[in-house]
file final-v5.txt (compact mmCIF, C-alpha atoms)
# COMPACT_ATOMS: atom_id res chain seq x y z
CA MET A 1 178.78 102.48 58.02
CA LEU A 2 175.01 102.56 58.41
CA THR A 3 173.10 99.49 59.47
CA LEU A 4 169.37 98.89 59.09
CA LYS A 5 169.19 98.69 62.87
CA GLY A 6 170.87 102.09 63.19
CA ILE A 7 168.50 103.59 60.65
CA MET A 8 165.49 102.19 62.46
CA THR A 9 166.73 103.69 65.71
CA ALA A 10 167.43 107.09 64.13
CA LEU A 11 163.98 107.22 62.52
CA ASP A 12 161.92 105.51 65.23
CA GLY A 13 161.19 103.16 62.38
CA GLU A 14 159.12 100.04 62.17
CA LEU A 15 160.20 97.01 60.17
CA LEU A 16 157.27 95.92 57.99
CA THR A 17 159.00 92.82 56.61
CA PRO A 18 159.79 90.55 59.57
CA GLY A 19 162.89 88.41 59.39
CA ALA A 20 165.13 90.93 57.62
CA ASN A 21 168.75 91.05 58.77
CA LEU A 22 169.03 94.31 60.69
CA GLU A 23 172.82 94.11 60.78
CA THR A 24 172.92 94.66 57.00
CA GLU A 25 175.36 97.48 56.28
CA CYS A 26 174.99 100.22 53.73
CA ALA A 27 177.20 103.18 52.80
CA THR A 28 174.75 105.31 50.82
CA VAL A 29 171.16 106.51 50.97
CA PHE A 30 169.23 107.80 47.96
CA ALA A 31 166.08 109.82 48.62
CA SER A 32 163.54 110.23 45.82
CA ASP A 33 159.93 109.76 44.83
CA LEU A 34 160.93 109.37 41.20
CA MET A 35 161.74 105.80 40.25
CA SER A 36 163.11 107.18 36.98
CA ASP A 37 165.74 109.04 38.99
CA VAL A 38 166.41 105.98 41.13
CA LEU A 39 167.13 103.99 37.97
CA ALA A 40 169.26 106.75 36.49
CA PHE A 41 171.23 108.06 39.45
CA MET A 42 171.17 105.74 42.47
CA THR A 43 174.29 103.83 43.44
CA PRO A 44 173.25 100.17 43.36
CA GLY A 45 173.10 98.69 46.83
CA SER A 46 171.96 101.93 48.49
CA ILE A 47 169.04 102.40 50.84
CA LEU A 48 166.06 103.96 49.06
CA MET A 49 164.13 106.58 50.99
CA THR A 50 160.79 107.47 49.43
CA GLY A 51 157.24 108.60 50.01
CA LEU A 52 155.86 106.31 47.31
CA VAL A 53 154.15 103.12 48.44
CA ASN A 54 153.14 101.34 45.24
CA SER A 55 154.47 98.01 43.97
CA HIS A 56 156.71 99.74 41.41
CA VAL A 57 158.90 100.93 44.27
CA VAL A 58 159.52 97.32 45.28
CA ARG A 59 160.09 96.20 41.69
CA THR A 60 162.55 99.02 41.08
CA ALA A 61 164.26 98.28 44.39
CA ARG A 62 164.72 94.57 43.71
CA LEU A 63 166.07 95.26 40.24
CA ILE A 64 168.68 97.75 41.40
CA GLU A 65 169.50 95.73 44.51
CA VAL A 66 168.65 98.23 47.23
CA LYS A 67 169.48 97.13 50.76
CA ALA A 68 166.17 98.44 52.13
CA ILE A 69 163.28 100.76 51.36
CA VAL A 70 162.49 103.44 53.95
CA ILE A 71 158.94 104.76 53.60
CA VAL A 72 158.64 108.25 55.07
CA GLN A 73 155.82 110.53 56.20
CA GLY A 74 153.87 107.87 58.08
CA LYS A 75 152.74 106.20 54.86
CA ARG A 76 152.17 102.48 54.64
CA PRO A 77 152.18 100.22 51.63
CA ASP A 78 149.26 97.81 51.43
CA ALA A 79 149.65 94.16 52.41
CA LYS A 80 150.19 93.01 48.82
CA VAL A 81 153.14 95.36 48.34
CA ILE A 82 154.68 94.30 51.66
CA GLU A 83 154.29 90.64 50.68
CA GLU A 84 155.96 91.31 47.33
CA ALA A 85 158.88 92.96 49.16
CA ARG A 86 159.16 90.07 51.60
CA GLU A 87 159.19 87.55 48.74
CA CYS A 88 162.04 89.30 46.99
CA ARG A 89 163.83 89.96 50.27
CA VAL A 90 163.75 93.73 50.19
CA PRO A 91 163.24 94.99 53.76
CA ILE A 92 160.78 97.84 54.24
CA ILE A 93 161.10 100.25 57.16
CA ALA A 94 158.28 102.72 57.83
CA THR A 95 158.79 105.98 59.67
CA GLY A 96 156.58 108.90 60.62
CA CYS A 97 159.38 111.36 59.78
CA PRO A 98 158.92 113.59 56.74
CA MET A 99 161.52 113.13 54.01
CA PHE A 100 163.77 116.05 54.96
CA GLU A 101 163.82 115.14 58.63
CA ALA A 102 164.47 111.47 57.82
CA CYS A 103 167.41 112.40 55.59
CA SER A 104 168.74 114.74 58.25
CA ARG A 105 168.47 112.17 61.03
CA VAL A 106 170.12 109.41 59.00
CA SER A 107 172.86 111.72 57.77
CA GLY A 108 173.52 112.86 61.33
CA SER A 109 173.70 109.29 62.60
CA SER A 110 176.57 108.32 60.33
CA ALA A 111 180.08 109.68 60.13
CA GLU A 112 180.45 108.40 56.57
CA GLY A 113 177.06 108.08 54.90
CA LYS A 114 176.54 111.62 53.74
CA ARG A 115 175.04 111.13 50.36
CA MET B 1 167.67 82.09 16.49
CA THR B 2 170.54 84.46 15.73
CA PRO B 3 173.34 82.28 14.28
CA GLU B 4 175.93 83.26 16.89
CA ALA B 5 173.58 83.14 19.88
CA VAL B 6 174.20 80.59 22.61
CA PHE B 7 170.93 81.59 24.26
CA GLU B 8 167.91 83.42 22.92
CA GLN B 9 164.48 84.16 24.36
CA ALA B 10 161.59 86.46 23.45
CA PHE B 11 159.38 88.22 26.01
CA GLN B 12 156.02 89.81 25.26
CA VAL B 13 154.97 93.07 26.91
CA LYS B 14 151.42 94.41 26.85
CA GLY B 15 150.88 98.16 26.65
CA GLY B 16 149.07 99.64 29.64
CA ASP B 17 149.58 96.56 31.83
CA PHE B 18 151.15 98.18 34.88
CA SER B 19 150.29 95.19 37.07
CA ARG B 20 153.05 93.13 35.43
CA ALA B 21 155.52 95.96 34.97
CA GLY B 22 159.06 94.91 35.75
CA ASN B 23 158.49 91.17 35.38
CA VAL B 24 160.25 90.82 32.03
CA SER B 25 163.36 92.73 33.08
CA TRP B 26 163.44 90.79 36.35
CA GLU B 27 163.37 87.54 34.39
CA ILE B 28 166.10 88.80 32.06
CA LYS B 29 168.23 89.81 35.03
CA ASN B 30 167.89 86.36 36.61
CA LEU B 31 168.66 84.60 33.32
CA LEU B 32 171.84 86.64 32.79
CA LYS B 33 172.88 85.92 36.38
CA GLU B 34 172.34 82.21 35.84
CA LEU B 35 174.44 82.38 32.68
CA GLY B 36 177.29 83.63 34.86
CA LEU B 37 177.74 87.13 33.45
CA SER B 38 179.43 89.75 35.62
CA SER B 39 177.25 91.62 38.11
CA SER B 40 178.05 94.92 36.36
CA VAL B 41 176.80 93.68 32.98
CA VAL B 42 173.77 92.05 34.58
CA LEU B 43 172.83 95.27 36.36
CA ARG B 44 173.29 97.49 33.31
CA ALA B 45 171.23 95.14 31.15
CA ALA B 46 168.56 94.89 33.85
CA ILE B 47 168.23 98.67 34.18
CA ALA B 48 168.12 99.23 30.42
CA THR B 49 165.55 96.49 29.83
CA TYR B 50 163.43 97.72 32.73
CA GLU B 51 163.32 101.19 31.22
CA ALA B 52 162.49 99.71 27.81
CA GLU B 53 159.78 97.51 29.31
CA MET B 54 158.25 100.52 31.10
CA ASN B 55 158.34 102.54 27.87
CA ILE B 56 156.29 99.85 26.09
CA ILE B 57 153.81 99.71 28.97
CA MET B 58 153.47 103.47 29.18
CA TYR B 59 153.50 104.48 25.53
CA ALA B 60 152.89 101.53 23.17
CA TRP B 61 150.08 99.12 22.43
CA GLU B 62 152.25 96.04 22.68
CA GLY B 63 155.82 95.02 22.21
CA ARG B 64 158.47 92.43 22.73
CA LEU B 65 162.05 92.10 23.90
CA ILE B 66 164.33 89.53 22.33
CA LEU B 67 167.34 88.66 24.45
CA SER B 68 170.30 87.09 22.64
CA VAL B 69 173.44 86.05 24.46
CA MET B 70 176.47 85.70 22.23
CA PRO B 71 180.17 85.20 22.84
CA GLY B 72 181.44 88.53 24.20
CA ARG B 73 178.12 90.33 24.18
CA VAL B 74 174.44 90.45 25.07
CA HIS B 75 172.02 91.87 22.51
CA VAL B 76 168.49 93.04 23.27
CA LEU B 77 166.06 93.94 20.50
CA VAL B 78 163.05 95.94 21.69
CA GLU B 79 160.21 96.34 19.20
CA ASP B 80 156.82 97.86 19.83
CA SER B 81 153.65 98.60 17.97
CA GLY B 82 152.60 102.04 18.98
CA PRO B 83 152.38 105.69 18.07
CA GLY B 84 156.12 105.99 17.49
CA ILE B 85 158.37 108.91 18.41
CA GLU B 86 158.11 112.05 16.31
CA ASP B 87 161.35 113.71 17.38
CA ILE B 88 163.89 111.16 18.58
CA GLU B 89 166.52 113.76 19.45
CA LEU B 90 164.04 115.54 21.71
CA ALA B 91 162.87 112.27 23.25
CA MET B 92 166.50 111.44 24.09
CA THR B 93 166.89 114.71 26.02
CA GLU B 94 167.09 114.14 29.77
CA GLY B 95 164.00 115.57 31.41
CA TYR B 96 161.82 115.66 28.30
CA SER B 97 158.69 113.59 28.81
CA THR B 98 155.20 113.11 27.43
CA ALA B 99 154.11 111.07 30.46
CA THR B 100 150.60 111.44 31.85
CA PRO B 101 149.99 112.50 35.47
CA GLU B 102 149.04 108.88 36.25
CA MET B 103 152.43 107.64 35.08
CA ARG B 104 154.17 110.30 37.16
CA GLU B 105 152.17 109.30 40.24
CA LEU B 106 153.69 105.83 39.92
CA GLY B 107 157.16 107.39 39.95
CA PHE B 108 157.87 107.20 36.23
CA GLY B 109 157.84 109.57 33.30
CA ALA B 110 160.62 111.89 34.46
CA GLY B 111 162.10 111.95 30.99
CA MET B 112 165.14 109.84 31.85
CA GLY B 113 164.20 106.55 30.18
CA LEU B 114 165.77 106.59 26.74
CA ALA B 115 168.84 108.50 27.94
CA ASN B 116 169.29 105.97 30.74
CA ILE B 117 168.94 103.05 28.34
CA LYS B 118 171.68 104.58 26.19
CA LYS B 119 173.87 105.27 29.24
CA ASN B 120 173.71 101.67 30.37
CA SER B 121 174.29 100.16 26.90
CA ASP B 122 177.60 99.80 25.09
CA ALA B 123 175.87 100.29 21.74
CA PHE B 124 172.43 101.82 21.22
CA GLN B 125 170.32 102.31 18.12
CA ILE B 126 166.81 103.69 17.88
CA THR B 127 164.46 104.00 14.93
CA SER B 128 160.80 104.92 14.93
CA ASP B 129 157.92 105.06 12.43
CA ILE B 130 155.09 107.41 13.29
CA GLY B 131 151.88 105.48 13.77
CA ARG B 132 153.67 102.12 13.62
CA GLY B 133 156.14 101.80 16.45
CA THR B 134 159.66 102.05 17.79
CA ARG B 135 162.64 99.74 17.64
CA LEU B 136 165.70 99.75 19.91
CA GLU B 137 168.81 97.66 19.59
CA LEU B 138 170.96 97.42 22.68
CA THR B 139 174.34 95.77 23.06
CA PHE B 140 176.16 95.01 26.30
CA LEU B 141 179.77 93.85 26.06
CA THR B 142 180.56 91.02 28.42
CA ASN B 143 184.34 91.04 28.15
CA GLY B 144 184.73 93.69 30.82
CA GLN B 145 185.72 96.46 28.41
CA ARG B 146 183.32 99.35 27.85
CA PRO B 147 184.08 101.33 24.67

call {"tool": "encode", "arguments": {"input": "final-v5.txt", "output": "structure tokens"}}
result
Amino acid sequence: MLTLKGIMTALDGELLTPGANLETECATVFASDLMSDVLAFMTPGSILMTGLVNSHVVRTARLIEVKAIVIVQGKRPDAKVIEEARECRVPIIATGCPMFEACSRVSGSSAEGKR
Amino acid sequence: MTPEAVFEQAFQVKGGDFSRAGNVSWEIKNLLKELGLSSSVVLRAAIATYEAEMNIIMYAWEGRLILSVMPGRVHVLVEDSGPGIEDIELAMTEGYSTATPEMRELGFGAGMGLANIKKNSDAFQITSDIGRGTRLELTFLTNGQRP
């Protein structure tokens, strides 16, 4: 089972929302820049990996109960988006890895989480 | 108020107002949770109403959602004033979209909305008048049995 801590380690990630529980476990990761696809195809309770940094990512994430948002490619949401995520308790992890590499690293770090 | 309803509330949505996008469906989700409905029903209703809310914001001038909770089911009426949908069958096709590049940049407009609303509802009806608007009726059964 993946943990947020394990994902941060695998991605050299930085937690942008202090106070999040890094022991939170998650079985699945869904990677997409299309919130429409997230709403249509993501297993609720997954980790969302995306290159989008607008507030709609956070609003989609809170609605579908993602365990965390991983922002790839060295992008950073602005302070307002991070605050919105903190308020609705959706952790955000930022990584410099491009999407494919991030997926590959996370997939390789888990014996089970292959999605 | 619908005669059978034990709870009913209307929510206004303004077309083009992306800054408040998602607020109505978030409120609906929290209300249904507070009413003690199962997490599966709450999630399906939340996803469907979020898609409907985004459709009003992206394509209509204004609209409203009316949430009615009745014994055994949740009903959501979505009505908008807007250009309407010319070809409903085509609009229901997964992947078909008339979204602008701006909408796509926000992560929406992939042509999944109406199909996803239908997928998450236990009953779904759509009617549209060109130049006037679109109306959806969604039902979510709360007795644990999907038809």

call {"tool": "closest_residue", "arguments": {"input": "final-v5.txt", "among": "B:Phe11, B:Met58, B:Leu37, B:Ser25", "to": "Thr100 (chain B)", "atoms": "all atoms listed in the file"}}
result
B:Met58

call {"tool": "residues_around", "arguments": {"input": "final-v5.txt", "residues": "region 74-89 of chain A", "least_positions_apart": "6", "cutoff": "10 Å", "atoms": "only C-alpha atoms", "output": "list in words"}}
result
Gly13, Leu16, Thr17, Pro18, Gly19, Ala20, Asn21, Thr50, Gly51, Leu52, Val53, Asn54, Ser55, His56, Val57, Val58, Arg59, Ala61, Arg62, Leu63, Glu65, Lys67, Ala68, Thr95, Gly96, Cys97 and Pro98 of chain A

call {"tool": "residues_around", "arguments": {"input": "final-v5.txt", "residues": "Lys5 (chain A)", "least_positions_apart": "3", "cutoff": "7 Å", "atoms": "all atoms listed in the file", "output": "list in words"}}
result
Met8, Thr9, Leu22 and Glu23 of chain A

call {"tool": "interface_residues", "arguments": {"input": "final-v5.txt", "of": "chain A", "to": "chain B", "cutoff": "6 Å", "atoms": "all atoms listed in the file", "output": "VMD selection string"}}
result
chain A and resid 34 to 36 40

call {"tool": "write_last_selection", "arguments": {"input": "final-v5.txt", "atoms": "C-alpha atoms", "output": "PDB file, in the coordinates of the input"}}
result
ATOM      1  CA  LEU A  34     160.930 109.370  41.200  1.00  0.00           C
ATOM      2  CA  MET A  35     161.740 105.800  40.250  1.00  0.00           C
ATOM      3  CA  SER A  36     163.110 107.180  36.980  1.00  0.00           C
ATOM      4  CA  ALA A  40     169.260 106.750  36.490  1.00  0.00           C
TER       5      ALA A  40
END

call {"tool": "atom_distance", "arguments": {"input": "final-v5.txt", "atom1": "CA of Lys14 (chain B)", "atom2": "CA of Ile130 (chain B)"}}
result
19.1 Å

call {"tool": "atom_distance", "arguments": {"input": "final-v5.txt", "atom1": "CA of Phe30 (chain A)", "atom2": "CA of Ser38 (chain B)"}}
result
24.1 Å

call {"tool": "closest_residue", "arguments": {"input": "final-v5.txt", "among": "B:Glu34, B:Glu62, B:Asp129, B:Glu137", "to": "Asp17 (chain B)", "atoms": "all atoms listed in the file"}}
result
B:Glu62

call {"tool": "atom_distance", "arguments": {"input": "final-v5.txt", "atom1": "CA of Met70 (chain B)", "atom2": "CA of Ile88 (chain B)"}}
result
28.6 Å

call {"tool": "decode", "arguments": {"input": "final-v5.txt", "residues": "region 20-52 of chain A", "atoms": "N, CA and C atoms", "output": "mmCIF file, in the first residue's frame"}}
result
data_model
loop_
_atom_site.group_PDB
_atom_site.id
_atom_site.type_symbol
_atom_site.label_atom_id
_atom_site.label_comp_id
_atom_site.auth_asym_id
_atom_site.auth_seq_id
_atom_site.Cartn_x
_atom_site.Cartn_y
_atom_site.Cartn_z
ATOM 1 N N ALA A 20 -0.522 17.840 6.959
ATOM 2 C CA ALA A 20 -1.201 16.656 6.409
ATOM 3 C C ALA A 20 -0.612 15.387 7.015
ATOM 4 N N ASN A 21 -1.435 14.377 7.163
ATOM 5 C CA ASN A 21 -0.987 13.098 7.715
ATOM 6 C C ASN A 21 -0.266 12.293 6.626
ATOM 7 N N LEU A 22 1.041 12.190 6.761
ATOM 8 C CA LEU A 22 1.840 11.527 5.719
ATOM 9 C C LEU A 22 1.750 10.005 5.775
ATOM 10 N N GLU A 23 1.129 9.490 6.825
ATOM 11 C CA GLU A 23 0.946 8.034 6.913
ATOM 12 C C GLU A 23 -0.336 7.596 6.192
ATOM 13 N N THR A 24 -1.079 8.534 5.646
ATOM 14 C CA THR A 24 -2.304 8.199 4.911
ATOM 15 C C THR A 24 -1.989 7.192 3.806
ATOM 16 N N GLU A 25 -2.786 6.119 3.753
ATOM 17 C CA GLU A 25 -2.538 5.060 2.778
ATOM 18 C C GLU A 25 -3.468 5.191 1.569
ATOM 19 N N CYS A 26 -2.998 4.710 0.465
ATOM 20 C CA CYS A 26 -3.791 4.798 -0.754
ATOM 21 C C CYS A 26 -3.398 3.657 -1.695
ATOM 22 N N ALA A 27 -4.399 3.016 -2.295
ATOM 23 C CA ALA A 27 -4.110 1.857 -3.151
ATOM 24 C C ALA A 27 -3.968 2.232 -4.616
ATOM 25 N N THR A 28 -4.550 3.361 -5.031
ATOM 26 C CA THR A 28 -4.568 3.672 -6.463
ATOM 27 C C THR A 28 -4.151 5.115 -6.735
ATOM 28 N N VAL A 29 -3.550 5.286 -7.905
ATOM 29 C CA VAL A 29 -3.161 6.615 -8.378
ATOM 30 C C VAL A 29 -3.825 6.831 -9.726
ATOM 31 N N PHE A 30 -4.350 8.022 -9.938
ATOM 32 C CA PHE A 30 -4.966 8.354 -11.236
ATOM 33 C C PHE A 30 -4.250 9.582 -11.783
ATOM 34 N N ALA A 31 -3.686 9.456 -12.973
ATOM 35 C CA ALA A 31 -2.914 10.556 -13.552
ATOM 36 C C ALA A 31 -3.685 11.167 -14.712
ATOM 37 N N SER A 32 -3.971 12.465 -14.624
ATOM 38 C CA SER A 32 -4.704 13.117 -15.715
ATOM 39 C C SER A 32 -4.679 14.630 -15.549
ATOM 40 N N ASP A 33 -4.722 15.324 -16.670
ATOM 41 C CA ASP A 33 -4.906 16.772 -16.646
ATOM 42 C C ASP A 33 -6.351 17.137 -16.967
ATOM 43 N N LEU A 34 -7.167 16.137 -17.197
ATOM 44 C CA LEU A 34 -8.570 16.390 -17.527
ATOM 45 C C LEU A 34 -9.454 16.099 -16.319
ATOM 46 N N MET A 35 -10.003 17.137 -15.733
ATOM 47 C CA MET A 35 -10.875 16.924 -14.582
ATOM 48 C C MET A 35 -12.134 16.168 -15.001
ATOM 49 N N SER A 36 -12.529 16.338 -16.255
ATOM 50 C CA SER A 36 -13.674 15.561 -16.776
ATOM 51 C C SER A 36 -13.399 14.067 -16.668
ATOM 52 N N ASP A 37 -12.181 13.663 -16.993
ATOM 53 C CA ASP A 37 -11.823 12.245 -16.902
ATOM 54 C C ASP A 37 -11.704 11.805 -15.439
ATOM 55 N N VAL A 38 -11.213 12.690 -14.605
ATOM 56 C CA VAL A 38 -11.123 12.383 -13.171
ATOM 57 C C VAL A 38 -12.523 12.076 -12.639
ATOM 58 N N LEU A 39 -13.483 12.925 -13.006
ATOM 59 C CA LEU A 39 -14.858 12.736 -12.530
ATOM 60 C C LEU A 39 -15.481 11.472 -13.109
ATOM 61 N N ALA A 40 -15.097 11.132 -14.333
ATOM 62 C CA ALA A 40 -15.731 10.000 -15.007
ATOM 63 C C ALA A 40 -15.073 8.656 -14.687
ATOM 64 N N PHE A 41 -13.766 8.668 -14.473
ATOM 65 C CA PHE A 41 -13.058 7.377 -14.429
ATOM 66 C C PHE A 41 -12.263 7.094 -13.160
ATOM 67 N N MET A 42 -11.999 8.086 -12.329
ATOM 68 C CA MET A 42 -11.123 7.851 -11.180
ATOM 69 C C MET A 42 -11.839 7.064 -10.079
ATOM 70 N N THR A 43 -11.130 6.127 -9.483
ATOM 71 C CA THR A 43 -11.664 5.450 -8.310
ATOM 72 C C THR A 43 -11.635 6.446 -7.149
ATOM 73 N N PRO A 44 -12.791 6.700 -6.521
ATOM 74 C CA PRO A 44 -12.779 7.648 -5.403
ATOM 75 C C PRO A 44 -11.766 7.222 -4.346
ATOM 76 N N GLY A 45 -11.098 8.194 -3.759
ATOM 77 C CA GLY A 45 -10.120 7.871 -2.727
ATOM 78 C C GLY A 45 -8.735 7.591 -3.292
ATOM 79 N N SER A 46 -8.533 7.860 -4.574
ATOM 80 C CA SER A 46 -7.207 7.678 -5.175
ATOM 81 C C SER A 46 -6.331 8.900 -4.900
ATOM 82 N N ILE A 47 -5.083 8.802 -5.326
ATOM 83 C CA ILE A 47 -4.218 9.981 -5.387
ATOM 84 C C ILE A 47 -4.312 10.526 -6.807
ATOM 85 N N LEU A 48 -4.467 11.828 -6.928
ATOM 86 C CA LEU A 48 -4.577 12.456 -8.251
ATOM 87 C C LEU A 48 -3.248 13.079 -8.627
ATOM 88 N N MET A 49 -2.706 12.623 -9.745
ATOM 89 C CA MET A 49 -1.446 13.174 -10.250
ATOM 90 C C MET A 49 -1.773 14.033 -11.462
ATOM 91 N N THR A 50 -1.351 15.286 -11.452
ATOM 92 C CA THR A 50 -1.753 16.186 -12.532
ATOM 93 C C THR A 50 -0.742 17.297 -12.752
ATOM 94 N N GLY A 51 -0.817 17.903 -13.911
ATOM 95 C CA GLY A 51 0.008 19.074 -14.204
ATOM 96 C C GLY A 51 -0.798 20.361 -14.127
ATOM 97 N N LEU A 52 -2.076 20.235 -13.785
ATOM 98 C CA LEU A 52 -2.910 21.438 -13.660
ATOM 99 C C LEU A 52 -2.765 22.026 -12.262
#
